[in-house]
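As structure tokens, the structure follows; a few thoughts come after it.
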Amino acid sequence: MVSPQYQSLIEKDFSYIWHPFTQMQDYMLTDPLIVERGEGVMLYDVDGRAYYDSVASIWTNTLGHHHPALTDAIIRQAQKVAHSTLLGHANVPSILLAERLIQISPEGLRKVFYCDSGAEAVEIALKMAFQYWQHKGRPKKKAFVKFVEAYHGDTIGAVSVGAVDMFHAVYRDLLFPTLEVMYPYCYRCPLNKELSTCQHACLEPLRDLLAQRSDDIAALIVEPIQGSSGIITMPQGYLTQLRELCTEYDVLMIVDEVATGFGRTGQMFACDHEGVSPDLMTIGKGLTGGYLPVAATLTSDEVYEAFLAPYEDRKTFFHGHTFTGNQLGCAVAIENLNQFESLDIIEHVREMAEVARVVLARFNDLEHVGEIRQKGLFIGIELVKDKQTKEAYDWNDRIGVKVGERARELGMINRTLGPIALFIPPLIVNQQEILAMLDILYESIKWATNGETV
Ligand SMILES: Cc1ncc(COP(=O)(O)O)c(C=O)c1O
């Protein structure tokens, strides 16, 4: 039962809102969770019911909800100015944040181009890479290499370099052509090899492609861990090999760190695990602690300088969004980074990741847990119909939906990715909260998969 106030909000929600990634016909049959406030790792609905935020509000939240220092940073900035344009002018927080971002980013990234969402950051990277080669006098270099099951956001350019059929197939006729290569999804190796002996054989088709077509290829775009297709972690050394191939064949490397940046994997950026420096890097989500929509594309001087020319040459990067470099967003992002330093968040993530790793071992007892994939606090649990054969669940089994529904009944928000259950908590999570959340997740998976243990 919900209160009359809750009921009235549900009716208005049904009347007026079209929710993202949501089949509204189904949604109208549910009783939606309407969040009113948050505190730490908890979210509270309009009637005061508490829920663990076990997916950090779509992987954005770093320091918990309603963190006093972050809230304060927004208020302090709002008392000065909330927004003024970055088109041809500057503002204080965007300058100070850009300096900080360059200090903490992989070596060689020297310039920050702001926007409002991860997908926009990807669009910008693609357009910059494309235009870079025009300016360098190599206009044939137009193509993009992408990975099977890649996800880079939902705008048309980002969808063009994406490859999640479920989301993207319907738009195929709208997309620009791309070259697709295998991602090292080792649990279901596309070449049926074993990681211990394969010597990353799945890189060979990419090497061949680059060898044959590098005159046509502008850039390769890659997620260092494929997030939305199921937290698919790369084997150690793979990203380095991609970097080497891009350098060898004169192809720009775009690393999409929208999901993996800002401590999520136990380093500031996933690139840092291997000391890889991309030519362009996209960031978003955790940048503002999950408080406001700021994202950015970082580039090397080499890319930036290709756009410097006399006004008349029209080599300007003609791209910008109304809220680019928004002061409130940049101010809270700076405070987020201050807190990362003073609370040593990266070390905290490593410690909590170890706590989670130990608890997660127990999940292997469940009959339908196929593989647990973890890098820091970026964790996916692939559920399978048959553990031995790795037979996948059918979309219509709604296995992930069931996990989410049960978790909610037990007091936790958990948005799954099809048959992949997720554990991606706010980075500030403590040991006790991890134990509580993983208990709920274990029970939810057990319930959704009919309670069977090995
Ligand atoms: C790797 C990656 N790139 C880009 C995006 C798109 O970001 P946004 O939803 O902010 O547009 C996402 C979102 O999940 C992502 O995981």
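A note on labels: chains of the structure tokens are A, B, ... as shown, every chain counts residues from 1, and ligands are counted from 1 in their shown order.
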
Inset, instruction - From the DSSP assignment of the backbone, select every residue of region 157-239 of chain A that is alpha helix (DSSP H), and format the answer as a list in words. - result: Gly157, Ala158, Val159, Ser160, Asp165, Met166, Phe167, His168, Leu195, Ser196, Thr197, Cys198, Glu204, Pro205, Leu206, Arg207, Asp208, Leu209, Leu210, Ala211, Gln212, Arg213, Tyr238 and Leu239 of chain A

Would you tabulate, counting only C-alpha atoms and all ligand atoms, all residues of chain A that have an atom at most 10 Å from an atom of ligand 1, showing the closest pair of atoms and their distance in Å to one decimal, sorted by chain then ascending number, as a Markdown table?
| residue | atom | partner | partner_atom_place_in_ligand_line | distance |
| --- | --- | --- | --- | --- |
| A:Ile58 | CA | ligand 1 | 14 (O) | 7.2 |
| A:Trp59 | CA | ligand 1 | 14 (O) | 7.7 |
| A:Thr60 | CA | ligand 1 | 10 (O) | 9.1 |
| A:Cys115 | CA | ligand 1 | 10 (O) | 9.9 |
| A:Asp116 | CA | ligand 1 | 10 (O) | 7.5 |
| A:Ser117 | CA | ligand 1 | 10 (O) | 3.8 |
| A:Gly118 | CA | ligand 1 | 7 (O) | 3.3 |
| A:Ala119 | CA | ligand 1 | 11 (O) | 3.7 |
| A:Glu120 | CA | ligand 1 | 11 (O) | 6.4 |
| A:Ala121 | CA | ligand 1 | 4 (C) | 7.7 |
| A:Val122 | CA | ligand 1 | 4 (C) | 6.7 |
| A:Glu123 | CA | ligand 1 | 4 (C) | 9.7 |
| A:Ala150 | CA | ligand 1 | 1 (C) | 8.0 |
| A:Tyr151 | CA | ligand 1 | 2 (C) | 5.8 |
| A:His152 | CA | ligand 1 | 3 (N) | 3.7 |
| A:Gly153 | CA | ligand 1 | 6 (C) | 3.6 |
| A:Asp154 | CA | ligand 1 | 11 (O) | 6.5 |
| A:Thr155 | CA | ligand 1 | 11 (O) | 7.8 |
| A:Ala158 | CA | ligand 1 | 4 (C) | 7.7 |
| A:Val159 | CA | ligand 1 | 4 (C) | 9.8 |
| A:Gly162 | CA | ligand 1 | 3 (N) | 9.3 |
| A:Val222 | CA | ligand 1 | 1 (C) | 8.3 |
| A:Glu223 | CA | ligand 1 | 1 (C) | 5.7 |
| A:Pro224 | CA | ligand 1 | 1 (C) | 8.5 |
| A:Ile225 | CA | ligand 1 | 1 (C) | 8.1 |
| A:Gln226 | CA | ligand 1 | 1 (C) | 6.9 |
| A:Gly227 | CA | ligand 1 | 16 (O) | 5.5 |
| A:Ser228 | CA | ligand 1 | 16 (O) | 5.7 |
| A:Ser229 | CA | ligand 1 | 16 (O) | 9.0 |
| A:Ile231 | CA | ligand 1 | 16 (O) | 9.8 |
| A:Val255 | CA | ligand 1 | 1 (C) | 8.9 |
| A:Asp256 | CA | ligand 1 | 1 (C) | 5.4 |
| A:Glu257 | CA | ligand 1 | 1 (C) | 6.0 |
| A:Val258 | CA | ligand 1 | 2 (C) | 4.8 |
| A:Ala259 | CA | ligand 1 | 16 (O) | 4.5 |
| A:Thr260 | CA | ligand 1 | 1 (C) | 7.3 |
| A:Gly261 | CA | ligand 1 | 1 (C) | 9.5 |
| A:Thr282 | CA | ligand 1 | 3 (N) | 7.6 |
| A:Ile283 | CA | ligand 1 | 3 (N) | 8.0 |
| A:Gly284 | CA | ligand 1 | 10 (O) | 6.2 |
| A:Lys285 | CA | ligand 1 | 10 (O) | 6.1 |
| A:Gly286 | CA | ligand 1 | 10 (O) | 10.0 |
| A:Pro293 | CA | ligand 1 | 10 (O) | 7.6 |
| A:Val294 | CA | ligand 1 | 10 (O) | 8.5 |
| A:Ala295 | CA | ligand 1 | 10 (O) | 7.4 |

Restricting it to C-alpha atoms, dump the selection as an mmCIF file, in the first residue's frame.
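This is the output file part.cif:
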data_model
loop_
_atom_site.group_PDB
_atom_site.id
_atom_site.type_symbol
_atom_site.label_atom_id
_atom_site.label_comp_id
_atom_site.auth_asym_id
_atom_site.auth_seq_id
_atom_site.Cartn_x
_atom_site.Cartn_y
_atom_site.Cartn_z
ATOM 1 C CA ILE A 58 23.522 4.125 -13.216
ATOM 2 C CA TRP A 59 27.180 4.039 -12.149
ATOM 3 C CA THR A 60 27.503 7.725 -11.432
ATOM 4 C CA CYS A 115 29.749 18.606 -22.803
ATOM 5 C CA ASP A 116 26.785 17.248 -20.827
ATOM 6 C CA SER A 117 26.633 13.474 -21.296
ATOM 7 C CA GLY A 118 28.769 10.475 -22.145
ATOM 8 C CA ALA A 119 27.148 10.049 -25.541
ATOM 9 C CA GLU A 120 27.980 13.639 -26.447
ATOM 10 C CA ALA A 121 31.566 13.125 -25.324
ATOM 11 C CA VAL A 122 31.706 10.201 -27.752
ATOM 12 C CA GLU A 123 30.162 12.232 -30.596
ATOM 13 C CA ALA A 150 30.256 -2.052 -27.747
ATOM 14 C CA TYR A 151 28.090 0.573 -26.068
ATOM 15 C CA HIS A 152 28.981 4.250 -26.253
ATOM 16 C CA GLY A 153 25.614 5.943 -25.688
ATOM 17 C CA ASP A 154 22.401 6.577 -27.579
ATOM 18 C CA THR A 155 22.958 9.477 -29.952
ATOM 19 C CA ALA A 158 27.533 6.852 -30.608
ATOM 20 C CA VAL A 159 25.067 4.229 -31.812
ATOM 21 C CA GLY A 162 27.937 0.754 -30.800
ATOM 22 C CA VAL A 222 37.112 0.999 -27.222
ATOM 23 C CA GLU A 223 35.726 0.571 -23.721
ATOM 24 C CA PRO A 224 38.555 -0.703 -21.489
ATOM 25 C CA ILE A 225 35.871 -2.833 -19.842
ATOM 26 C CA GLN A 226 32.652 -3.324 -21.773
ATOM 27 C CA GLY A 227 30.116 -2.065 -19.269
ATOM 28 C CA SER A 228 26.661 -2.195 -20.775
ATOM 29 C CA SER A 229 27.187 -5.497 -22.539
ATOM 30 C CA ILE A 231 31.039 -5.919 -17.424
ATOM 31 C CA VAL A 255 39.242 5.169 -25.037
ATOM 32 C CA ASP A 256 35.747 5.536 -23.640
ATOM 33 C CA GLU A 257 36.140 5.891 -19.865
ATOM 34 C CA VAL A 258 32.615 7.200 -19.284
ATOM 35 C CA ALA A 259 31.752 4.174 -17.160
ATOM 36 C CA THR A 260 35.203 3.190 -15.904
ATOM 37 C CA GLY A 261 36.640 6.592 -14.968
ATOM 38 C CA THR A 282 35.800 10.357 -23.018
ATOM 39 C CA ILE A 283 34.661 10.864 -19.431
ATOM 40 C CA GLY A 284 31.331 11.484 -17.688
ATOM 41 C CA LYS A 285 29.220 9.704 -15.044
ATOM 42 C CA GLY A 286 31.408 9.851 -11.876
ATOM 43 C CA PRO A 293 25.444 16.196 -15.967
ATOM 44 C CA VAL A 294 28.960 17.154 -16.997
ATOM 45 C CA ALA A 295 31.075 15.080 -19.377
#

Inset, instruction - Quick one: everything within 12 Å of Tyr6 (chain A), counting only C-alpha atoms, minus sequence neighbours fewer than 2 positions away in the same chain. Send it as a PyMOL selection string. - result: chain A and resi 1-4+8-13+31-36+45-49

Legend entry - Residue nearest Gly380 (chain A) among A:His168, A:Arg243, A:Arg357, A:Arg398 (counting only C-alpha atoms): A:Arg357

Using DSSP secondary structure from the backbone, list all strand (DSSP E or B) positions within region 232-357 of chain A, as a PDB file with N, CA and C atoms, in the first residue's frame.
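Result file is part39.pdb:
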ATOM      1  N   ILE A 232      32.375  -6.821 -19.204  1.00  0.00           N
ATOM      2  CA  ILE A 232      33.315  -7.763 -19.815  1.00  0.00           C
ATOM      3  C   ILE A 232      34.719  -7.180 -19.686  1.00  0.00           C
ATOM      4  N   THR A 233      35.487  -7.816 -18.809  1.00  0.00           N
ATOM      5  CA  THR A 233      36.822  -7.292 -18.488  1.00  0.00           C
ATOM      6  C   THR A 233      37.831  -7.807 -19.525  1.00  0.00           C
ATOM      7  N   LEU A 252      44.051   6.819 -34.712  1.00  0.00           N
ATOM      8  CA  LEU A 252      43.835   7.420 -33.390  1.00  0.00           C
ATOM      9  C   LEU A 252      43.146   6.428 -32.464  1.00  0.00           C
ATOM     10  N   MET A 253      43.537   6.451 -31.195  1.00  0.00           N
ATOM     11  CA  MET A 253      42.910   5.566 -30.213  1.00  0.00           C
ATOM     12  C   MET A 253      41.988   6.396 -29.311  1.00  0.00           C
ATOM     13  N   ILE A 254      40.702   6.050 -29.350  1.00  0.00           N
ATOM     14  CA  ILE A 254      39.722   6.712 -28.463  1.00  0.00           C
ATOM     15  C   ILE A 254      39.367   5.717 -27.363  1.00  0.00           C
ATOM     16  N   VAL A 255      39.663   6.046 -26.131  1.00  0.00           N
ATOM     17  CA  VAL A 255      39.242   5.169 -25.037  1.00  0.00           C
ATOM     18  C   VAL A 255      38.045   5.814 -24.347  1.00  0.00           C
ATOM     19  N   ASP A 256      36.977   5.047 -24.259  1.00  0.00           N
ATOM     20  CA  ASP A 256      35.747   5.536 -23.640  1.00  0.00           C
ATOM     21  C   ASP A 256      35.753   5.139 -22.164  1.00  0.00           C
ATOM     22  N   LEU A 280      42.491  10.248 -27.556  1.00  0.00           N
ATOM     23  CA  LEU A 280      41.281  10.926 -27.069  1.00  0.00           C
ATOM     24  C   LEU A 280      40.656  10.049 -25.992  1.00  0.00           C
ATOM     25  N   MET A 281      40.092  10.690 -24.990  1.00  0.00           N
ATOM     26  CA  MET A 281      39.467   9.916 -23.914  1.00  0.00           C
ATOM     27  C   MET A 281      38.146  10.598 -23.531  1.00  0.00           C
ATOM     28  N   THR A 282      37.095   9.792 -23.396  1.00  0.00           N
ATOM     29  CA  THR A 282      35.800  10.357 -23.018  1.00  0.00           C
ATOM     30  C   THR A 282      35.523  10.053 -21.545  1.00  0.00           C
ATOM     31  N   ILE A 283      34.989  11.037 -20.852  1.00  0.00           N
ATOM     32  CA  ILE A 283      34.661  10.864 -19.431  1.00  0.00           C
ATOM     33  C   ILE A 283      33.274  11.448 -19.144  1.00  0.00           C
ATOM     34  N   ALA A 295      30.212  16.099 -18.778  1.00  0.00           N
ATOM     35  CA  ALA A 295      31.075  15.080 -19.377  1.00  0.00           C
ATOM     36  C   ALA A 295      32.138  15.825 -20.172  1.00  0.00           C
ATOM     37  N   ALA A 296      33.088  15.098 -20.719  1.00  0.00           N
ATOM     38  CA  ALA A 296      34.144  15.785 -21.473  1.00  0.00           C
ATOM     39  C   ALA A 296      34.881  14.817 -22.376  1.00  0.00           C
ATOM     40  N   THR A 297      35.520  15.404 -23.392  1.00  0.00           N
ATOM     41  CA  THR A 297      36.434  14.662 -24.261  1.00  0.00           C
ATOM     42  C   THR A 297      37.810  15.275 -24.057  1.00  0.00           C
ATOM     43  N   LEU A 298      38.782  14.452 -23.701  1.00  0.00           N
ATOM     44  CA  LEU A 298      40.145  14.931 -23.501  1.00  0.00           C
ATOM     45  C   LEU A 298      40.973  14.548 -24.724  1.00  0.00           C
ATOM     46  N   THR A 299      41.849  15.432 -25.146  1.00  0.00           N
ATOM     47  CA  THR A 299      42.659  15.124 -26.335  1.00  0.00           C
ATOM     48  C   THR A 299      44.127  15.462 -26.098  1.00  0.00           C
ATOM     49  N   SER A 300      44.940  14.912 -26.974  1.00  0.00           N
ATOM     50  CA  SER A 300      46.368  15.227 -26.985  1.00  0.00           C
ATOM     51  C   SER A 300      46.571  16.589 -27.659  1.00  0.00           C
TER      52      SER A 300
END

Legend entry - His368 (chain A) environment, 12 Å, only C-alpha atoms, sequence neighbours closer than 2 positions dropped, as a ChimeraX atom specification: /A:363-366,370-372,381-393,399,419-421,442,445-454
